[in-house]
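**Student:** Provided herewith is a single structure, encoded as structure tokens, for subsequent inquiry.
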Amino acid sequence: MQWFKRKWPSAIFFLSVIGPGIIAANADNDAGGISTYSIVGAHFGYSMLWVLLLITFSLAITQEMGVRIGLVTQQGLGGVIREHFGLRWTLLAMVVMLVANLGTITAEFAGVAASFDIFGVSKFVVVPLAALITWFTLYKGSFRTTQNIFLLFSTFYIVYIVNGFLVHPPFGEAIRHLVIPTIVWSQPFLLTMIALIGTTITPWGQFFIQSYVVDKGLSIEHYRIEKAEVFLGAFITNIVSFFIIVSTAATLYPLGIHILDAKDAAMALEPLAGHFAELLFAFGLFSASMLGAFILPVATAYAICEALGWEYGVGSSWKSSKMFYIIILVTIIVPATLVLLPRVHLVDIMLISQDLNGVLLPIILVFVMKIINNSEIMGKHTNKRNSNVIAWLTIVGIIFATVALVITSIAGH
Amino acid sequence: MNYTSSMIFFSYFFNAKVRDSVGDVVGNVKDALIRVDSNTEFPLLLALTLDVDHKRCIVTDAIESWGPGGVILDRKLGESLIECVIDSSTVSLKKTIVDRQIVDLAGMRVVRVNDVQFGRVRGMMSLIALDISTRGLLRRIGMFETRLDRWMKPNFIQWKQVSLVDNKIHLSGNVDQMVKLHPADIANLIEKMNIRQGSVVLESLDQATAARVLEEVQPDIKTILVKSLGPERAAAIMGKMSIDELVDLIQLLPSSESREIIHRLPANAKTQNIKSILEYDEDTAGGLMTTELVVVHPQQSVADVIEKIKDISQDHHTIPFVYVVDEQGRFCGILSTRRLLVSQHSERMEEIMKSVDRLPTAKERDGLMDVAELMTKYNLFTIAVLDEQEKLLGVVTADDIMRRLIPHA
């Protein structure tokens with residue numbers, strides 16, 4: 001990913017100072033993220049904050065492992081899986097990632113549709129347009145500017161932090177919920193909880209951060225700085241998540257408002273923006289969604305091509321990197337089409353896609369764990385015990401929640 | 001399809017069952033070892049390692065068949081095993097080659113080794129090329145032949161194009177210079193193999209590439225390859241050749257064979273054109289003639305020509321005459337083998353041949369009776385058939401005429 005080296009940078013200084021950790025984390029707060037966090041607060045108040053606290057550690061640890069594997073092997077995750085697990089396991093990992101990413105991209109287009117839905121613009125106008133813009137930007141390669149613009153726009157999350165203070169939440173109660181677990185054995189609760197995990201720690205984020213450090217040309221000497229950055233990134237991104245949850249928990253939860261469309265979620269910003277809440281929210285959701293819609297198809301195509309040995313690269317010709325562009329096209333067209341199906345519910349798409357990510361995440365994490373504990377691959381940089389404990393607890397936790405979800409769903413019927 | 005005699009891929013025997021001469025399953029193939037010396041163009045396949053024995057491996061000699069159904073030994077397992085000697089020149093395919101990326105000098109990632117192709121080179125099972133194609137991927141997951149094959153370009157990298165540095169595969173040159181096995185390279189490879197393998201390689205290519213390759217192969221091997229492919233498949237490939245090359249190749253072939261191929265050429269404007277050029281009526285000199293003849297050059301000495309005849313005599317039924325042709329393919333004259341025998345070894349063809357201006361010749365469209373008349377009139381045993389440019393196309397023998405006149409005898 002030569003383009004990262006060239007593209008992030010000079011013009012927007014602060015983006016070049018902060019590194020992969022924060023950018024990957026920021027890109028994580030996409031359409032699925034905003035809507036999931038909003039729903040967590042609006043439907044369940046502060047009760048899921050403890051999950052957020054735990055997965056902040058999980059996010060930091062898993063991202064750090066991705067960085068470490070990248071620094072040691074100088075390859076993306078797909079490449080390492082291919083070299084050490086063989087082709088069949090690689091295909092499994094690729095299918096898992098592709099399915100999860102298709103879900104996430106669908107959420108991005110749903111986010112685009114939802115943000116314009118606030119102003120009554122039909123998704124049948126907006127989504128095809130967004131898909132076209134995405135494709136031409138990626139294919140014709142004015143990728144850099146566009147991406148930086150959207151990345152800059154998505155710093156709109158800061159408004160949630162400000163807003164979080166303006167709503168005067170009961171911080172005592174919020175902090176109590178941060179450390180004292182509450183769990184409700186119901187389908188809606190578990191579904192939302194898995195989405196909360198799945199939108200924070202994602203399969204694609206695991207592939208993305210590893211490729212990113214490799215293509216930034218970083219090596220193991222940079223490990224300490226990168227580790228600090230990743231931890232900081234995980235912390236900052238979850239501070240934002242915390243305040244999104246707090247904002248909706250303080251405003252919507254007491255009123256018993258269920259988020260059915262973007263307008264409902266926008267109401268949480270009223271204490272800060274008043275009448276402009278809807279405008280502000282639409283703007284934030286739109287830019288976060290577009291950022292995801294730009295990054296994810298490329299990240300997907302990049303990982304698959306690396307693993308399967310197809311030539312790739314943004315800015316390469318259609319002829320030399322045909323499969324690369326075909327994957328990008330498919331990962332734009334299929335999700336956009338799904339959003340356009342009549343009678344699909346945009347907020348549901350954004351939530352369910354994050355569940356899909358959450359359910360599939362353990363498969364990718366197990367690969368990461370097998371790699372990072374293999375001294376043939378990692379040399380002396382294998383995992384320490386703490387990381388292993390946290391990562392395995394994360395994996396087991398998600399699997400456990402998934403099983404519980406299945407059981408409650410069956411029992412509920 | 002019988003894989004045993006043809007190209008062998010790593011995917012055929014990786015993880016495959018090994019059966020001994022009795023047919024018992026004695027283990028599974030775990031890996032393959034090759035020997036890499038600094039200059040090997042085709043690294044030798046030394047041995048296969050087994051999951052049941054960690055110290056010894058199967059010598060390549062003991063393997064009778066390599067098909068996708070598994071590896072079959074020609075003896076008992078015990079007699080097939082040798083101590084695995086792993087030294088600096090021994091390379092494990094699984095650990096170092098297969099699934100690895102091939103990087104260029106700048107360290108930029110390029111492609112991945114999906115499969116490895118083997119074949120017999122000078123009788124020894126050797127690594128021929130690294131398969132980086134999607135077809136290789138499918139082969140690895142057990143899809144040895146699919147309908148998709150013809151849409152997927154074969155893509156091989158020759159061993160001599162890469163080097164192993166720190167067990168990483170490096171491409172000599174950078175991405176832009178990366179040449180994916182040029183047709184001329186494949187042609188070179190084919191010339192080094194036996195005909196059966198060569199034709200299998202040709203068939204494994206897409207038709208356009210195969211045609212390009214066939215164009216590059218030496219003429220004598222070309223005709224044998226066409227014979228080995230059979231008219232159906234040969235015609236399919238030849239249909240993609242350039243018109244000049246196609247005409248030349250068809251002219252090299254015996255008339256019966258070329259007729260069959262011309263009939264099977266895909267019908268399009270190009271081949272229609274060829275047909276009118278090449279398809280002679282059976283009752284013309286062109287249709288009667290044989291192209292199986294010994295061609296020599298004016299400057300060659302008697303000694304040279306006798307040597308040449310010794311070399312090729314198995315391929316010919318009789319050799320009553322040799323035909324002298326200049327650089328441009330123009331017919332200069334003929335020489336009987338009797339004359340050859342009685343001449344000084346140092347004499348050159350142009351000095352002793354019977355020159356064309358004292359010889360009656362036929363044109364390709366001359367009718368049967370005209371040719372027969374000419375031959376009877378001048379008491380000829382054979383007559384040369386020339387085209388408009390005086391180029392030698394073939395020879396009609398008295399035998400050819402007789403067979404045409406009395407077909408059922």
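Residue numbers start at 1 in each chain; chains themselves are named A, B, ... in the order of the structure tokens; ligands are numbered from 1 in the order shown.
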Enumerate as JSON, numbers by chain the residues belonging to chain A that approach chain B to within 7 Å, with only C-alpha atoms taken into account.
**Tutor:** {"A": [82, 83, 86, 308, 309, 310, 311]}
**Student:** I'd like the contact shell of region 292-308 of chain B - 8 Å cut-off, only C-alpha atoms, skipping same-chain residues fewer than 6 positions apart - returned as a ChimeraX atom specification.
**Tutor:** /B:254,316,319,321-327,332,340,343-350,394-395
**Student:** Once you have the residues from the selection above, write them out as an mmCIF file, in the first residue's frame, restricted to C-alpha atoms.
**Tutor:**
data_model
loop_
_atom_site.group_PDB
_atom_site.id
_atom_site.type_symbol
_atom_site.label_atom_id
_atom_site.label_comp_id
_atom_site.auth_asym_id
_atom_site.auth_seq_id
_atom_site.Cartn_x
_atom_site.Cartn_y
_atom_site.Cartn_z
ATOM 1 C CA PRO B 254 2.742 -34.483 -45.096
ATOM 2 C CA HIS B 316 12.248 -42.079 -44.329
ATOM 3 C CA ILE B 319 15.757 -41.934 -50.034
ATOM 4 C CA PHE B 321 17.176 -38.383 -54.126
ATOM 5 C CA VAL B 322 18.166 -35.371 -52.079
ATOM 6 C CA TYR B 323 16.759 -31.975 -53.050
ATOM 7 C CA VAL B 324 18.931 -28.910 -53.161
ATOM 8 C CA VAL B 325 17.301 -25.690 -52.019
ATOM 9 C CA ASP B 326 18.898 -22.263 -51.531
ATOM 10 C CA GLU B 327 18.560 -19.955 -48.539
ATOM 11 C CA CYS B 332 18.126 -25.517 -57.250
ATOM 12 C CA LEU B 340 26.283 -39.184 -53.717
ATOM 13 C CA SER B 343 31.336 -38.619 -55.433
ATOM 14 C CA GLN B 344 34.339 -37.276 -53.571
ATOM 15 C CA HIS B 345 33.482 -36.416 -49.962
ATOM 16 C CA SER B 346 34.725 -32.872 -50.359
ATOM 17 C CA GLU B 347 32.579 -32.046 -53.391
ATOM 18 C CA ARG B 348 29.778 -29.596 -52.867
ATOM 19 C CA MET B 349 26.155 -30.063 -53.869
ATOM 20 C CA GLU B 350 26.084 -27.251 -56.394
ATOM 21 C CA GLY B 394 7.149 -31.228 -52.255
ATOM 22 C CA VAL B 395 7.708 -34.115 -54.576
#
**Student:** Set the distance at 9 Å and use only C-alpha atoms: which residues neighbour Ala398 (chain B) once local chain neighbours fewer than 5 positions away are removed? I'd like the list as a list in words.
**Tutor:** Ala372, Met375, Leu380, Phe381, Thr382, Ile383 and Arg403 of chain B
**Student:** Which neighbours of Lys55 (chain B) fall inside 10 Å, counting only C-alpha atoms, when residues of the same chain fewer than 3 positions from it are skipped, and could you give them as a ChimeraX atom specification?
**Tutor:** /B:49-50,52,81-85
**Student:** Take the selection from the previous step and output its residues with C-alpha atoms, as an mmCIF file, in the first residue's frame.
**Tutor:**
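part_14.cif written:
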data_model
loop_
_atom_site.group_PDB
_atom_site.id
_atom_site.type_symbol
_atom_site.label_atom_id
_atom_site.label_comp_id
_atom_site.auth_asym_id
_atom_site.auth_seq_id
_atom_site.Cartn_x
_atom_site.Cartn_y
_atom_site.Cartn_z
ATOM 1 C CA THR B 49 8.961 -36.932 2.554
ATOM 2 C CA LEU B 50 6.299 -38.992 4.257
ATOM 3 C CA VAL B 52 5.000 -41.787 8.698
ATOM 4 C CA LEU B 81 13.425 -45.062 1.407
ATOM 5 C CA ILE B 82 16.737 -43.393 1.856
ATOM 6 C CA GLU B 83 18.163 -41.304 4.633
ATOM 7 C CA CYS B 84 17.088 -37.694 4.079
ATOM 8 C CA VAL B 85 20.210 -35.662 3.596
#
**Student:** For region 158-217 of chain A versus region 352-359 of chain A, which residues have an atom no more than 8 Å away, and what is each residue's nearest atom pair and distance in Å rounded to one decimal, using only C-alpha atoms, chain-then-number order, as CSV?
**Tutor:**
residue,atom,partner,partner_atom,distance
A:Leu191,CA,A:Asp355,CA,6.8
A:Thr192,CA,A:Asp355,CA,7.6
A:Ile194,CA,A:Asp355,CA,5.5
A:Ala195,CA,A:Asp355,CA,4.2
A:Leu196,CA,A:Gln354,CA,7.3
A:Ile197,CA,A:Gly358,CA,6.0
A:Gly198,CA,A:Gly358,CA,3.5
A:Thr199,CA,A:Gln354,CA,5.2
A:Ile201,CA,A:Gly358,CA,7.7
A:Thr202,CA,A:Asn357,CA,6.1
A:Pro203,CA,A:Asn357,CA,6.7
**Student:** For region 120-135 of chain A, please output as a PDB file with N, CA and C atoms, in the first residue's frame all residues within 8 Å (counting only C-alpha atoms; exclusion window: fewer than 5 positions along the same chain).
**Tutor:**
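Here's the written file around-v2.pdb:
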ATOM      1  N   PHE A 109     -23.251   1.930   3.295  1.00  0.00           N
ATOM      2  CA  PHE A 109     -24.231   2.472   2.348  1.00  0.00           C
ATOM      3  C   PHE A 109     -25.570   2.744   3.031  1.00  0.00           C
ATOM      4  N   VAL A 112     -25.135   6.063   4.583  1.00  0.00           N
ATOM      5  CA  VAL A 112     -25.312   7.130   3.592  1.00  0.00           C
ATOM      6  C   VAL A 112     -26.802   7.375   3.363  1.00  0.00           C
ATOM      7  N   ALA A 113     -27.528   6.261   3.161  1.00  0.00           N
ATOM      8  CA  ALA A 113     -28.963   6.374   2.911  1.00  0.00           C
ATOM      9  C   ALA A 113     -29.673   7.003   4.107  1.00  0.00           C
ATOM     10  N   ALA A 114     -29.306   6.559   5.318  1.00  0.00           N
ATOM     11  CA  ALA A 114     -29.977   7.047   6.526  1.00  0.00           C
ATOM     12  C   ALA A 114     -29.716   8.533   6.742  1.00  0.00           C
ATOM     13  N   MET A 290     -19.093   7.388   4.337  1.00  0.00           N
ATOM     14  CA  MET A 290     -18.339   7.476   3.094  1.00  0.00           C
ATOM     15  C   MET A 290     -16.884   7.061   3.309  1.00  0.00           C
ATOM     16  N   ALA A 293     -16.907   3.469   3.291  1.00  0.00           N
ATOM     17  CA  ALA A 293     -17.188   2.968   1.947  1.00  0.00           C
ATOM     18  C   ALA A 293     -15.969   3.086   1.037  1.00  0.00           C
ATOM     19  N   PHE A 294     -15.094   4.035   1.334  1.00  0.00           N
ATOM     20  CA  PHE A 294     -13.861   4.140   0.561  1.00  0.00           C
ATOM     21  C   PHE A 294     -12.828   3.120   0.994  1.00  0.00           C
ATOM     22  N   ILE A 328     -13.070  -5.004  -5.792  1.00  0.00           N
ATOM     23  CA  ILE A 328     -13.565  -3.684  -5.379  1.00  0.00           C
ATOM     24  C   ILE A 328     -14.971  -3.456  -5.923  1.00  0.00           C
ATOM     25  N   LEU A 329     -15.148  -3.781  -7.208  1.00  0.00           N
ATOM     26  CA  LEU A 329     -16.466  -3.594  -7.823  1.00  0.00           C
ATOM     27  C   LEU A 329     -17.533  -4.417  -7.108  1.00  0.00           C
ATOM     28  N   ILE A 332     -18.564  -3.134  -3.823  1.00  0.00           N
ATOM     29  CA  ILE A 332     -19.377  -1.915  -3.855  1.00  0.00           C
ATOM     30  C   ILE A 332     -20.790  -2.246  -4.317  1.00  0.00           C
ATOM     31  N   ILE A 333     -20.872  -3.035  -5.402  1.00  0.00           N
ATOM     32  CA  ILE A 333     -22.175  -3.279  -6.020  1.00  0.00           C
ATOM     33  C   ILE A 333     -23.089  -4.121  -5.134  1.00  0.00           C
ATOM     34  N   ALA A 336     -24.383  -2.115  -2.052  1.00  0.00           N
ATOM     35  CA  ALA A 336     -25.290  -1.048  -2.480  1.00  0.00           C
ATOM     36  C   ALA A 336     -26.633  -1.625  -2.893  1.00  0.00           C
ATOM     37  N   VAL A 339     -28.779  -2.619   0.099  1.00  0.00           N
ATOM     38  CA  VAL A 339     -29.429  -1.480   0.750  1.00  0.00           C
ATOM     39  C   VAL A 339     -30.658  -1.039  -0.050  1.00  0.00           C
ATOM     40  N   LEU A 340     -30.600  -1.238  -1.369  1.00  0.00           N
ATOM     41  CA  LEU A 340     -31.701  -0.777  -2.217  1.00  0.00           C
ATOM     42  C   LEU A 340     -32.897  -1.721  -2.233  1.00  0.00           C
TER      43      LEU A 340
END
**Student:** Using only C-alpha atoms for the distances, tell me which of A:Cys305, A:Ser320, A:Phe283, A:Ala249 is nearest to Glu173 (chain A).
**Tutor:**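 Answer, going by the shortest atom-to-atom distance: A:Ala249.
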**Student:** DSSP says helix (DSSP H, G or I) for which residues of region 165-405 of chain B? Put them as a PyMOL selection string?
**Tutor:** chain B and resi 175-177+183-192+195-204+207-216+219-229+231-238+243-252+255-264+269-278+285-288+302-315+337-342+349-352+356-358+368-378+398-405
**Student:** Interatomic distance between CA of Leu218 (chain A) and CA of Val67 (chain A)?
**Tutor:**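 According to the coordinates, CA of Leu218 (chain A) and CA of Val67 (chain A) are separated by 9.7 Å.
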